[in-house]
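**Student:** Below is data_29.cif; it holds mmCIF, C-alpha atoms and all ligand atoms.
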data_query
#
loop_
_atom_site.label_atom_id
_atom_site.label_comp_id
_atom_site.auth_asym_id
_atom_site.auth_seq_id
_atom_site.Cartn_x
_atom_site.Cartn_y
_atom_site.Cartn_z
CA MET A 1 -15.97 12.95 16.81
CA SER A 2 -17.42 13.85 13.45
CA HIS A 3 -20.82 12.52 12.70
CA ASP A 4 -21.67 10.18 9.85
CA PRO A 5 -25.39 9.40 9.98
CA ILE A 6 -25.04 6.50 7.56
CA ALA A 7 -22.34 4.77 9.62
CA GLU A 8 -24.45 5.39 12.68
CA SER A 9 -27.59 3.94 11.15
CA VAL A 10 -25.66 0.88 9.92
CA LEU A 11 -24.54 0.29 13.48
CA ASP A 12 -28.08 0.80 14.75
CA LEU A 13 -29.34 -1.72 12.24
CA LEU A 14 -26.70 -4.22 13.31
CA ARG A 15 -27.43 -3.66 16.99
CA ASP A 16 -30.91 -5.05 16.23
CA ALA A 17 -29.98 -7.62 13.62
CA ASP A 18 -26.73 -8.94 15.07
CA PRO A 19 -25.52 -7.34 18.29
CA ASP A 20 -22.41 -9.53 18.41
CA VAL A 21 -21.18 -8.14 15.12
CA ALA A 22 -22.27 -4.60 16.08
CA THR A 23 -20.21 -4.76 19.26
CA ILE A 24 -17.08 -5.79 17.41
CA ILE A 25 -17.46 -3.19 14.65
CA ASN A 26 -18.15 -0.51 17.20
CA ALA A 27 -15.01 -1.46 19.13
CA GLU A 28 -12.93 -1.35 15.96
CA GLN A 29 -14.38 2.02 15.05
CA GLU A 30 -13.40 3.28 18.47
CA ARG A 31 -9.90 1.80 18.11
CA GLN A 32 -9.39 3.54 14.78
CA ALA A 33 -10.76 6.82 16.12
CA SER A 34 -8.54 6.88 19.19
CA THR A 35 -5.21 5.61 17.86
CA ILE A 36 -2.59 6.97 15.47
CA GLU A 37 -2.34 4.83 12.36
CA LEU A 38 1.21 4.75 11.05
CA ILE A 39 1.01 1.54 9.04
CA ALA A 40 2.24 2.68 5.63
CA SER A 41 -0.21 0.53 3.67
CA GLU A 42 -3.35 1.69 5.48
CA ASN A 43 -5.61 4.69 5.16
CA HIS A 44 -9.05 6.00 6.19
CA VAL A 45 -11.54 6.08 3.30
CA SER A 46 -14.11 8.82 2.83
CA PRO A 47 -17.73 8.18 3.82
CA ALA A 48 -18.62 8.03 0.10
CA VAL A 49 -16.09 5.24 -0.54
CA MET A 50 -17.06 3.47 2.69
CA HIS A 51 -20.76 3.43 1.94
CA ALA A 52 -20.48 2.65 -1.76
CA MET A 53 -19.18 -0.73 -0.57
CA GLY A 54 -22.34 -1.41 1.42
CA THR A 55 -24.77 -1.31 -1.52
CA CYS A 56 -26.92 -3.60 -3.66
CA LEU A 57 -24.05 -3.95 -6.13
CA THR A 58 -22.91 -6.85 -3.96
CA ASN A 59 -25.98 -8.91 -4.87
CA LYS A 60 -25.01 -9.61 -8.45
CA TYR A 61 -22.86 -12.13 -10.28
CA ALA A 62 -21.16 -10.33 -13.15
CA GLU A 63 -18.55 -12.82 -14.39
CA GLY A 64 -17.05 -11.52 -17.60
CA TYR A 65 -16.54 -7.90 -18.59
CA PRO A 66 -18.86 -5.02 -19.56
CA GLY A 67 -20.89 -6.05 -22.62
CA ALA A 68 -19.75 -9.67 -22.36
CA ARG A 69 -21.12 -11.18 -19.16
CA TYR A 70 -22.08 -14.73 -18.29
CA TYR A 71 -25.20 -13.62 -16.36
CA GLY A 72 -28.30 -11.63 -17.25
CA GLY A 73 -29.26 -8.42 -15.48
CA CYS A 74 -25.82 -6.81 -15.66
CA GLU A 75 -26.90 -3.53 -17.30
CA HIS A 76 -26.02 -1.33 -14.33
CA HIS A 77 -22.99 -3.39 -13.40
CA ASP A 78 -21.66 -2.77 -16.89
CA ARG A 79 -22.13 0.95 -16.35
CA ILE A 80 -20.40 1.01 -12.98
CA GLU A 81 -17.45 -1.10 -14.16
CA THR A 82 -17.06 1.02 -17.29
CA LEU A 83 -17.10 4.17 -15.18
CA ALA A 84 -14.44 2.74 -12.83
CA ARG A 85 -12.28 1.72 -15.80
CA GLU A 86 -12.58 5.12 -17.49
CA ARG A 87 -11.66 6.96 -14.29
CA ALA A 88 -8.71 4.66 -13.63
CA LYS A 89 -7.44 5.24 -17.17
CA GLN A 90 -7.76 9.00 -16.79
CA LEU A 91 -6.10 8.97 -13.38
CA PHE A 92 -3.00 7.09 -14.50
CA GLY A 93 -2.89 8.11 -18.18
CA ALA A 94 -3.29 4.53 -19.40
CA ARG A 95 -5.23 3.13 -22.37
CA PHE A 96 -6.56 -0.02 -20.66
CA ALA A 97 -7.64 -0.78 -17.11
CA ASN A 98 -8.87 -3.94 -15.42
CA VAL A 99 -10.63 -2.99 -12.19
CA GLN A 100 -11.62 -6.52 -11.13
CA PRO A 101 -8.62 -7.78 -9.07
CA HIS A 102 -9.71 -8.52 -5.52
CA SER A 103 -6.24 -7.56 -4.28
CA GLY A 104 -2.79 -6.44 -5.31
CA ALA A 105 -1.51 -10.03 -5.18
CA GLN A 106 -4.22 -11.09 -7.65
CA ALA A 107 -3.40 -8.12 -9.88
CA ASN A 108 0.19 -9.36 -9.88
CA MET A 109 -0.93 -12.92 -10.59
CA ALA A 110 -2.85 -11.72 -13.65
CA ALA A 111 0.15 -9.66 -14.80
CA PHE A 112 2.47 -12.66 -14.41
CA MET A 113 0.11 -14.98 -16.29
CA ALA A 114 -0.23 -12.43 -19.08
CA ALA A 115 3.53 -11.91 -19.37
CA MET A 116 5.04 -15.32 -18.60
CA LYS A 117 4.55 -19.05 -18.95
CA PRO A 118 4.89 -21.17 -15.80
CA GLY A 119 8.50 -21.76 -14.88
CA GLU A 120 9.83 -18.67 -16.64
CA THR A 121 12.20 -16.28 -14.93
CA PHE A 122 11.51 -12.82 -13.57
CA ALA A 123 13.74 -10.35 -11.71
CA SER A 124 12.61 -8.53 -8.57
CA LEU A 125 13.73 -7.11 -5.25
CA VAL A 126 13.59 -9.77 -2.56
CA LEU A 127 10.97 -9.41 0.22
CA LYS A 128 13.54 -8.78 2.94
CA ASP A 129 14.91 -5.78 1.03
CA GLY A 130 11.49 -4.20 0.60
CA GLY A 131 9.79 -6.35 -2.05
CA HIS A 132 6.51 -8.20 -1.57
CA LEU A 133 5.30 -11.76 -1.04
CA SER A 134 4.08 -11.83 -4.62
CA HIS A 135 7.49 -10.77 -5.92
CA GLY A 136 8.97 -14.26 -5.66
CA MET A 137 8.64 -15.50 -2.08
CA LYS A 138 9.26 -19.25 -2.15
CA ILE A 139 5.85 -20.41 -0.95
CA ASN A 140 3.87 -17.69 -2.76
CA PHE A 141 2.49 -18.43 -6.27
CA SER A 142 5.19 -16.15 -7.65
CA GLY A 143 8.01 -18.27 -6.24
CA THR A 144 6.26 -21.60 -6.80
CA PHE A 145 5.09 -21.28 -10.40
CA TYR A 146 7.79 -18.92 -11.67
CA THR A 147 11.55 -18.61 -11.21
CA PRO A 148 12.62 -15.44 -9.40
CA VAL A 149 16.08 -13.94 -9.54
CA HIS A 150 16.71 -10.93 -7.36
CA TYR A 151 18.53 -7.67 -7.90
CA PRO A 152 20.16 -5.95 -4.93
CA LEU A 153 20.26 -2.65 -3.11
CA HIS A 154 23.54 -0.94 -2.38
CA TYR A 155 24.57 -2.58 0.91
CA ASP A 156 27.87 -0.76 1.28
CA GLU A 157 27.52 2.01 3.86
CA SER A 158 30.16 4.12 2.19
CA HIS A 159 28.28 4.21 -1.13
CA PRO A 160 26.35 7.46 -1.77
CA ASP A 161 23.33 5.34 -2.76
CA PHE A 162 23.50 3.16 0.37
CA GLU A 163 20.23 1.18 0.75
CA ARG A 164 18.89 2.41 -2.59
CA ILE A 165 18.40 0.22 -5.66
CA ASP A 166 21.66 -0.77 -7.29
CA TYR A 167 20.59 -0.20 -10.89
CA GLU A 168 23.92 -1.29 -12.34
CA ALA A 169 23.80 -4.59 -10.43
CA CYS A 170 20.17 -4.99 -11.53
CA ARG A 171 21.31 -4.58 -15.13
CA GLU A 172 23.97 -7.25 -14.64
CA VAL A 173 21.46 -9.70 -13.06
CA CYS A 174 19.04 -9.12 -15.94
CA VAL A 175 21.63 -9.37 -18.71
CA GLU A 176 22.86 -12.63 -17.17
CA HIS A 177 19.48 -14.29 -16.49
CA LYS A 178 17.44 -12.81 -19.35
CA PRO A 179 14.21 -12.68 -17.31
CA LYS A 180 10.87 -12.48 -19.13
CA VAL A 181 9.75 -9.80 -16.65
CA ILE A 182 11.51 -7.20 -14.55
CA LEU A 183 9.36 -6.24 -11.58
CA CYS A 184 9.83 -2.90 -9.87
CA GLY A 185 7.75 -1.20 -7.19
CA TYR A 186 7.94 -2.22 -3.53
CA SER A 187 6.32 -2.54 -0.10
CA ALA A 188 9.07 -1.02 2.00
CA TYR A 189 11.23 1.21 -0.17
CA PRO A 190 11.32 4.89 0.79
CA ARG A 191 12.97 6.31 -2.33
CA GLU A 192 11.84 7.43 -5.76
CA ILE A 193 11.86 4.69 -8.40
CA ASP A 194 13.60 5.44 -11.70
CA PHE A 195 11.15 3.76 -14.08
CA ALA A 196 13.00 5.01 -17.18
CA ARG A 197 16.18 3.34 -15.97
CA PHE A 198 14.33 0.07 -15.36
CA ARG A 199 12.84 0.27 -18.85
CA ALA A 200 16.30 0.69 -20.38
CA ILE A 201 17.43 -2.45 -18.52
CA ALA A 202 14.29 -4.29 -19.63
CA ASP A 203 14.91 -3.35 -23.26
CA GLU A 204 18.53 -4.50 -23.06
CA ALA A 205 17.54 -7.81 -21.45
CA GLY A 206 14.53 -8.36 -23.73
CA ALA A 207 12.12 -8.30 -20.76
CA LEU A 208 8.74 -6.74 -20.08
CA LEU A 209 8.71 -4.15 -17.32
CA VAL A 210 5.99 -4.63 -14.70
CA ALA A 211 5.63 -1.84 -12.11
CA ASP A 212 3.79 -2.75 -8.92
CA ILE A 213 2.89 0.68 -7.58
CA ALA A 214 0.61 -0.62 -4.81
CA HIS A 215 2.20 1.63 -2.21
CA ILE A 216 2.77 4.80 -4.19
CA ALA A 217 -0.33 4.75 -6.45
CA GLY A 218 -1.88 7.80 -4.78
CA LEU A 219 1.38 9.73 -5.11
CA VAL A 220 1.65 8.73 -8.77
CA ALA A 221 -1.98 9.67 -9.46
CA ALA A 222 -1.33 13.08 -7.91
CA GLY A 223 1.94 13.63 -9.79
CA VAL A 224 3.97 13.64 -6.58
CA HIS A 225 5.94 10.54 -7.67
CA PRO A 226 6.99 10.03 -11.32
CA SER A 227 4.60 7.86 -13.30
CA PRO A 228 5.56 4.35 -14.43
CA PHE A 229 3.96 5.24 -17.79
CA PRO A 230 5.16 5.34 -20.52
CA HIS A 231 8.01 3.12 -19.31
CA ALA A 232 6.23 0.10 -17.82
CA HIS A 233 4.46 -2.41 -20.06
CA ILE A 234 2.11 -3.38 -17.22
CA VAL A 235 1.27 -1.51 -14.03
CA THR A 236 -0.37 -3.21 -11.06
CA THR A 237 -1.58 -1.64 -7.87
CA THR A 238 -3.80 -1.94 -4.87
CA THR A 239 -6.51 0.67 -4.47
CA HIS A 240 -6.54 1.04 -0.69
CA LYS A 241 -3.16 2.45 0.31
CA THR A 242 -2.09 5.98 -0.68
CA LEU A 243 -4.88 5.88 -3.30
CA ARG A 244 -7.40 5.81 -0.42
CA GLY A 245 -9.98 3.59 -2.05
CA PRO A 246 -11.63 0.32 -1.06
CA ARG A 247 -9.47 -2.77 -0.46
CA GLY A 248 -8.73 -4.14 -3.93
CA GLY A 249 -6.47 -4.24 -6.98
CA LEU A 250 -6.11 -2.76 -10.45
CA VAL A 251 -4.07 -3.57 -13.59
CA LEU A 252 -3.21 -0.99 -16.26
CA THR A 253 -1.44 -1.12 -19.60
CA ASN A 254 -1.07 0.84 -22.82
CA ASP A 255 -0.66 -2.28 -24.93
CA GLU A 256 -3.81 -3.68 -26.51
CA GLU A 257 -2.50 -7.25 -26.85
CA LEU A 258 -1.30 -7.29 -23.26
CA ALA A 259 -4.64 -5.83 -22.15
CA LYS A 260 -6.47 -8.81 -23.74
CA LYS A 261 -4.10 -11.25 -22.06
CA ILE A 262 -4.49 -9.50 -18.69
CA ASP A 263 -8.29 -9.64 -18.94
CA ARG A 264 -8.21 -13.37 -19.75
CA SER A 265 -5.65 -14.07 -17.04
CA LEU A 266 -7.67 -12.27 -14.38
CA PHE A 267 -11.00 -13.78 -15.43
CA PRO A 268 -11.34 -16.70 -15.86
CA GLY A 269 -7.66 -17.35 -15.11
CA VAL A 270 -7.45 -16.19 -11.51
CA GLN A 271 -10.87 -15.06 -10.36
CA GLY A 272 -14.57 -15.82 -10.81
CA GLY A 273 -17.23 -13.24 -10.07
CA PRO A 274 -15.94 -9.70 -9.52
CA LEU A 275 -16.76 -7.85 -6.28
CA MET A 276 -19.06 -5.33 -7.92
CA HIS A 277 -19.73 -3.36 -4.72
CA ILE A 278 -15.97 -2.87 -4.42
CA ILE A 279 -15.76 -1.86 -8.06
CA GLY A 280 -18.48 0.72 -7.35
CA ALA A 281 -16.38 2.05 -4.48
CA LYS A 282 -13.26 2.04 -6.69
CA ALA A 283 -15.15 4.31 -9.12
CA VAL A 284 -15.92 6.68 -6.24
CA ALA A 285 -12.31 6.64 -5.00
CA PHE A 286 -10.90 7.25 -8.49
CA GLY A 287 -13.33 10.15 -8.82
CA GLU A 288 -12.02 11.58 -5.55
CA ALA A 289 -8.41 11.15 -6.64
CA LEU A 290 -9.16 13.04 -9.86
CA LYS A 291 -10.16 16.11 -7.87
CA PRO A 292 -7.59 18.89 -7.32
CA ASP A 293 -7.52 18.53 -3.53
CA PHE A 294 -6.15 14.99 -3.84
CA LYS A 295 -2.92 16.53 -5.20
CA ASP A 296 -2.70 18.61 -2.06
CA TYR A 297 -3.33 15.51 0.07
CA ALA A 298 -0.52 13.60 -1.68
CA LYS A 299 1.91 16.50 -1.21
CA ARG A 300 1.07 16.62 2.47
CA VAL A 301 1.59 12.84 2.75
CA VAL A 302 5.19 13.25 1.59
CA ALA A 303 5.81 16.37 3.71
CA ASN A 304 4.45 14.57 6.78
CA ALA A 305 6.61 11.51 6.18
CA GLN A 306 9.65 13.77 5.94
CA ALA A 307 8.68 15.64 9.10
CA LEU A 308 8.34 12.36 11.01
CA ALA A 309 11.63 11.04 9.63
CA ASN A 310 13.43 14.25 10.62
CA GLY A 311 11.84 14.18 14.07
CA LEU A 312 13.12 10.64 14.63
CA ILE A 313 16.59 11.44 13.28
CA GLU A 314 16.78 14.29 15.83
CA LYS A 315 15.99 11.74 18.55
CA GLY A 316 18.89 9.51 17.49
CA TYR A 317 17.17 7.00 15.21
CA ARG A 318 18.57 6.04 11.83
CA ILE A 319 16.24 6.17 8.84
CA THR A 320 17.38 3.75 6.15
CA SER A 321 18.84 5.48 3.10
CA GLY A 322 18.92 8.66 5.20
CA GLY A 323 15.29 9.69 4.70
CA THR A 324 12.27 9.33 2.45
CA ASP A 325 10.94 10.61 -0.88
CA ASN A 326 7.50 9.08 -0.45
CA HIS A 327 4.96 8.15 2.21
CA LEU A 328 7.02 5.70 4.23
CA MET A 329 10.26 5.21 6.08
CA LEU A 330 12.16 2.36 7.65
CA VAL A 331 13.50 3.14 11.10
CA ASP A 332 16.66 1.31 12.14
CA LEU A 333 16.03 1.08 15.88
CA ARG A 334 19.52 -0.12 16.72
CA ALA A 335 20.97 3.36 16.26
CA ARG A 336 18.94 4.50 19.28
CA ASP A 337 19.49 1.35 21.35
CA ALA A 338 21.33 -1.74 20.11
CA GLU A 339 18.91 -3.99 22.04
CA LEU A 340 15.70 -2.53 20.56
CA THR A 341 13.80 -4.85 18.22
CA GLY A 342 10.96 -4.16 15.81
CA ALA A 343 8.78 -6.73 17.57
CA ASP A 344 9.11 -5.02 20.97
CA ALA A 345 8.73 -1.56 19.49
CA GLU A 346 5.51 -2.52 17.67
CA LYS A 347 4.04 -4.01 20.85
CA TRP A 348 5.02 -1.15 23.15
CA LEU A 349 3.82 1.51 20.72
CA GLU A 350 0.49 -0.24 20.24
CA ALA A 351 -0.07 -0.10 24.00
CA ALA A 352 0.46 3.66 23.75
CA GLY A 353 -2.02 3.98 20.86
CA VAL A 354 0.55 4.32 18.07
CA ILE A 355 0.00 1.59 15.48
CA THR A 356 3.03 0.46 13.44
CA ASN A 357 4.51 -2.68 12.00
CA LYS A 358 7.86 -4.28 12.64
CA ASN A 359 9.83 -4.56 9.44
CA GLY A 360 13.20 -5.88 8.42
CA ILE A 361 15.71 -3.28 7.30
CA PRO A 362 18.08 -4.03 4.40
CA ASP A 363 20.63 -6.66 5.43
CA ASP A 364 18.79 -7.15 8.74
CA PRO A 365 20.57 -9.75 10.89
CA ARG A 366 17.37 -10.45 12.85
CA PRO A 367 14.58 -12.79 11.61
CA PRO A 368 11.30 -11.41 10.15
CA ARG A 369 9.33 -12.03 13.33
CA ILE A 370 11.77 -9.92 15.36
CA THR A 371 13.48 -7.43 12.99
CA SER A 372 15.63 -4.40 13.72
CA GLY A 373 13.22 -1.97 12.16
CA LEU A 374 9.82 -0.35 12.10
CA ARG A 375 8.03 0.71 8.94
CA LEU A 376 6.14 3.97 9.42
CA GLY A 377 3.91 5.77 6.97
CA SER A 378 1.94 8.99 6.75
CA PRO A 379 -1.10 8.29 4.48
CA ALA A 380 -3.66 7.67 7.25
CA VAL A 381 -2.58 10.44 9.61
CA THR A 382 -2.52 12.90 6.70
CA THR A 383 -6.09 11.98 5.84
CA ARG A 384 -6.90 12.74 9.44
CA GLY A 385 -5.50 16.24 9.02
CA PHE A 386 -2.19 15.93 10.87
CA GLY A 387 0.60 18.26 9.77
CA ALA A 388 4.27 18.78 10.59
CA ASP A 389 3.60 19.77 14.23
CA GLU A 390 1.68 16.59 14.91
CA MET A 391 4.36 14.51 13.18
CA ARG A 392 7.01 15.99 15.45
CA ARG A 393 4.87 15.21 18.49
CA ILE A 394 4.52 11.63 17.28
CA ALA A 395 8.31 11.35 16.93
CA GLY A 396 8.60 12.50 20.55
CA TRP A 397 6.00 9.97 21.74
CA ILE A 398 7.69 7.14 19.86
CA ASP A 399 10.95 8.05 21.55
CA THR A 400 9.35 8.33 25.00
CA VAL A 401 7.77 4.88 24.71
CA LEU A 402 10.79 3.14 23.20
CA GLY A 403 13.24 4.99 25.46
CA SER A 404 11.29 3.74 28.48
CA LYS A 405 11.17 0.21 26.98
CA GLY A 406 7.41 0.24 27.18
CA GLU A 407 7.34 1.14 30.88
CA ASP A 408 3.75 1.45 32.20
CA GLY A 409 3.79 5.06 33.41
CA ALA A 410 5.33 6.44 30.21
CA THR A 411 2.99 4.34 28.06
CA ARG A 412 -0.09 5.50 29.96
CA GLN A 413 0.95 9.13 29.70
CA VAL A 414 1.53 8.88 25.93
CA ARG A 415 -1.74 6.93 25.50
CA GLU A 416 -3.63 9.81 27.11
CA GLU A 417 -1.95 12.42 24.94
CA VAL A 418 -2.58 10.31 21.82
CA ARG A 419 -6.27 10.08 22.75
CA GLU A 420 -6.47 13.86 23.14
CA LEU A 421 -4.83 14.51 19.78
CA CYS A 422 -7.07 11.97 18.05
CA ALA A 423 -10.15 13.60 19.56
CA ALA A 424 -9.03 16.91 18.06
CA PHE A 425 -8.68 15.31 14.59
CA PRO A 426 -11.78 13.15 14.03
CA LEU A 427 -11.72 10.54 11.30
CA PRO A 428 -13.64 11.19 8.10
CA GLY A 429 -17.09 9.80 8.63
CA SER A 430 -16.72 8.31 12.09
CA ALA A 431 -20.07 7.49 13.62
CA ALA A 432 -21.42 9.17 16.72
CA PRO A 433 -19.84 8.17 20.06
CA ALA A 434 -19.56 4.45 20.66
CA ARG A 435 -22.43 2.86 22.57
CA ALA A 436 -22.74 -0.78 21.48
N1 LIG B 501 0.75 -6.10 3.23
C1 LIG B 501 0.97 -4.94 2.42
C2 LIG B 501 1.84 -3.94 3.09
O1 LIG B 501 1.66 -3.75 4.27
O2 LIG B 501 2.70 -3.35 2.47
C3 LIG B 501 1.45 -5.27 1.07
O3 LIG B 501 0.52 -6.12 0.49
#
So that I can check it, write out the structure of this file as structure tokens.
Ligand code: DSN

**Tutor:**
Amino acid sequence: MSHDPIAESVLDLLRDADPDVATIINAEQERQASTIELIASENHVSPAVMHAMGTCLTNKYAEGYPGARYYGGCEHHDRIETLARERAKQLFGARFANVQPHSGAQANMAAFMAAMKPGETFASLVLKDGGHLSHGMKINFSGTFYTPVHYPLHYDESHPDFERIDYEACREVCVEHKPKVILCGYSAYPREIDFARFRAIADEAGALLVADIAHIAGLVAAGVHPSPFPHAHIVTTTTHKTLRGPRGGLVLTNDEELAKKIDRSLFPGVQGGPLMHIIGAKAVAFGEALKPDFKDYAKRVVANAQALANGLIEKGYRITSGGTDNHLMLVDLRARDAELTGADAEKWLEAAGVITNKNGIPDDPRPPRITSGLRLGSPAVTTRGFGADEMRRIAGWIDTVLGSKGEDGATRQVREEVRELCAAFPLPGSAAPARA
């Protein structure tokens, strides 16, 4: 294991101050160190990002924005938030950035409030096809306070764009319903997004284009996926997925009027005091993503996803849409074994030390708690240093575990091999060996 003296001293401090919490954190650290993280929305932050979160910046209320706060003593908080904003703007080539959203869902809430009045209509991809809760799910704010209409994928197997966005049908939905907003950007969509095409539809329908790039932000920042700018009017994202920052959100725009509305919608519309320690860590993460080696990281993320997808295809699995252009893939398990479900696969793989999430595939006949698919992603394992060879080994392990239906002997064998591989690729900044 690599050695991070700060993480180690934090654990030492907690062992004295609160051994119960120390024990749990230590166990989680050990779990992360010894398992393969394939959840597409997760990553391992650098020690600098990790420890920027554990600083005195947390002690301060800083409601408002730099230069216009509702509390005294915000001099240094103004500086850190301004730095985070400037770096975010540079990273994404945008004129305005709001770095205060606590999450991607709250970034979306601010974007919606800035762009629409309650009850107004927006167009999005439905959750079961790869969208997100905040893209119009019935019991989410987005489906409760606004009126979603959904555009489809191509569901016809014989179509060359099978399981990709049906842009022509999207145009028809938008021309018919005249939504105020067209939302693009997804949680489980493995293909490149044509932002220019969405903008043309938005212009025809008289809508604003909002791009939620939560998943692909790191790829966009590195130039490995086309940028939503200059096409999107508003861009929202999380900061903790491919972007490899602290858990949080971000809103960007090039439009000054929209920027003012977004700021007002976020605070005081949606949130109170910003999480300034997280904003400090966002500044660090944006600084890291501006460095040349982040481009290399993002390229390797995509290459690793493709290596894993190809490895699974060779083993008889079907990857929806035939592959991936980004960091994630959806595996249709039924091609390997008609009885296999996402729920079983997730559970069996976890026992073998391979962490995934069950996920519906387009047109999935099974319910969301069961599913016919797994969503796999490469951001975390790429951070760890895995390359194509390791991805092929992982494909083999997945097949061994699922082929055996989670049988004990096969699972134990894979668990041991996973442990060995993880030991050879220590996490950035893991503390010294567990001893709580
Ligand atoms: N829950 C996240 C994901 O896993 O994609 C999206 O917010």

**Student:** Taking all atoms listed in the file into account, which of A:Arg164, A:His277, A:Lys138, A:Lys358 comes nearest Gly54 of chain A?

**Tutor:**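 That would be A:His277, the residue with the smallest distance to Gly54 of chain A.
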
**Student:** Out of A:His135, A:His150, A:Lys117, A:Lys128, which residue has the shortest atom-to-atom distance to Ala105 of chain A when counting all atoms listed in the file?

**Tutor:** A:His135

**Student:** Pick the closest to ligand LIG 501 (chain B) from A:Glu172, A:Glu346, A:Asp212, A:Glu28: which is it, counting all atoms listed in the file?

**Tutor:** A:Asp212

**Student:** With all atoms listed in the file counted, collect every polymer residue having an atom within 8 Å of ligand LIG 501 (chain B); state the result as a compact mmCIF listing (two decimals) with C-alpha atoms, in the frame of the given file.

**Tutor:**
# COMPACT_ATOMS: atom_id res chain seq x y z
CA ILE A 39 1.01 1.54 9.04
CA ALA A 40 2.24 2.68 5.63
CA SER A 41 -0.21 0.53 3.67
CA GLU A 42 -3.35 1.69 5.48
CA GLY A 104 -2.79 -6.44 -5.31
CA ALA A 105 -1.51 -10.03 -5.18
CA HIS A 132 6.51 -8.20 -1.57
CA LEU A 133 5.30 -11.76 -1.04
CA SER A 187 6.32 -2.54 -0.10
CA ALA A 188 9.07 -1.02 2.00
CA ALA A 214 0.61 -0.62 -4.81
CA HIS A 215 2.20 1.63 -2.21

**Student:** Between atom CA of Ile165 of chain A and atom CA of Pro368 of chain A, what is the distance, to one decimal in Å?

**Tutor:**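 Interatomic distance, atom CA of Ile165 of chain A to atom CA of Pro368 of chain A: 20.9 Å.
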
**Student:** Kindly indicate which residue among A:Ile25, A:Ala111, A:Ile394, A:Val10 lies nearest to Leu252 of chain A, using all atoms listed in the file for the distances.

**Tutor:** A:Ala111

**Student:** At a cut-off of 9 Å, using only C-alpha atoms, what residues contact Gln271 of chain A? Leave out same-chain residues fewer than 5 positions from it and give the result as a ChimeraX atom specification.

**Tutor:** /A:63,100-102,106,265-266

**Student:** Record the distance separating atom CA of Ala27 of chain A and atom CA of Ser378 of chain A, expressed in Å with one decimal.

**Tutor:**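 These atoms are spaced 23.4 Å apart.
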
**Student:** Would you compute the distance between atom CA of His225 of chain A and atom CA of Leu208 of chain A? Give it in Å to one decimal.

**Tutor:**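 Separation between atom CA of His225 of chain A and atom CA of Leu208 of chain A: 21.5 Å.
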
**Student:** Using only C-alpha atoms, pick whichever of A:Ala110, A:Val354, A:Ala281, A:Ala303 has the shortest atom-to-atom distance to Ala84 of chain A.

**Tutor:**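 Between A:Ala110, A:Val354, A:Ala281, A:Ala303, the residue approaching Ala84 of chain A most closely is A:Ala281.
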
**Student:** Which of these, A:Val99, A:Ala202, A:Val418, A:Ala343, has the shortest distance to Ile80 of chain A once you count all atoms listed in the file?

**Tutor:**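 That would be A:Val99, the residue with the smallest distance to Ile80 of chain A.
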
**Student:** List the neighbours of segment 326-342 of chain A out to 6 Å using all atoms listed in the file; skip same-chain residues closer than 5 positions along the sequence, and give me the result as a list in words.

**Tutor:**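 Surrounding residues, per the criterion: Ala40, Pro190, Val301, Val302, Ala305, Gly316, Tyr317, Arg318, Ile319, Thr320, Lys358, Ile370, Thr371, Ser372, Gly373, Leu374, Arg375, Leu376, Gly377 and Ser378 of chain A.
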
**Student:** May I have the residues within 7 Å of Met116 of chain A as a PyMOL selection string, using all atoms listed in the file and disregarding those fewer than 4 positions away in the same chain?

**Tutor:** chain A and resi 112+120+180

**Student:** Set the distance at 12 Å and use all atoms listed in the file: which residues neighbour Phe294 of chain A once local chain neighbours fewer than 2 positions away are removed? I'd like the list as an NGL selection string.

**Tutor:** :A and (91 or 218-224 or 242-244 or 285-292 or 296-301 or 379 or 382-383)

**Student:** Using all atoms listed in the file, determine which residues lie at most 10 Å from Met391 of chain A, disregarding the query and same-chain residues fewer than 2 positions distant; provide the list as a list in words.

**Tutor:**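 Surrounding residues, per the criterion: Ala303, Asn304, Ala305, Gln306, Ala307, Leu308, Ala309, Asn310, Gly311, Leu312, Ser378, Val381, Thr382, Phe386, Gly387, Ala388, Asp389, Arg393, Ile394, Ala395, Gly396 and Trp397 of chain A.
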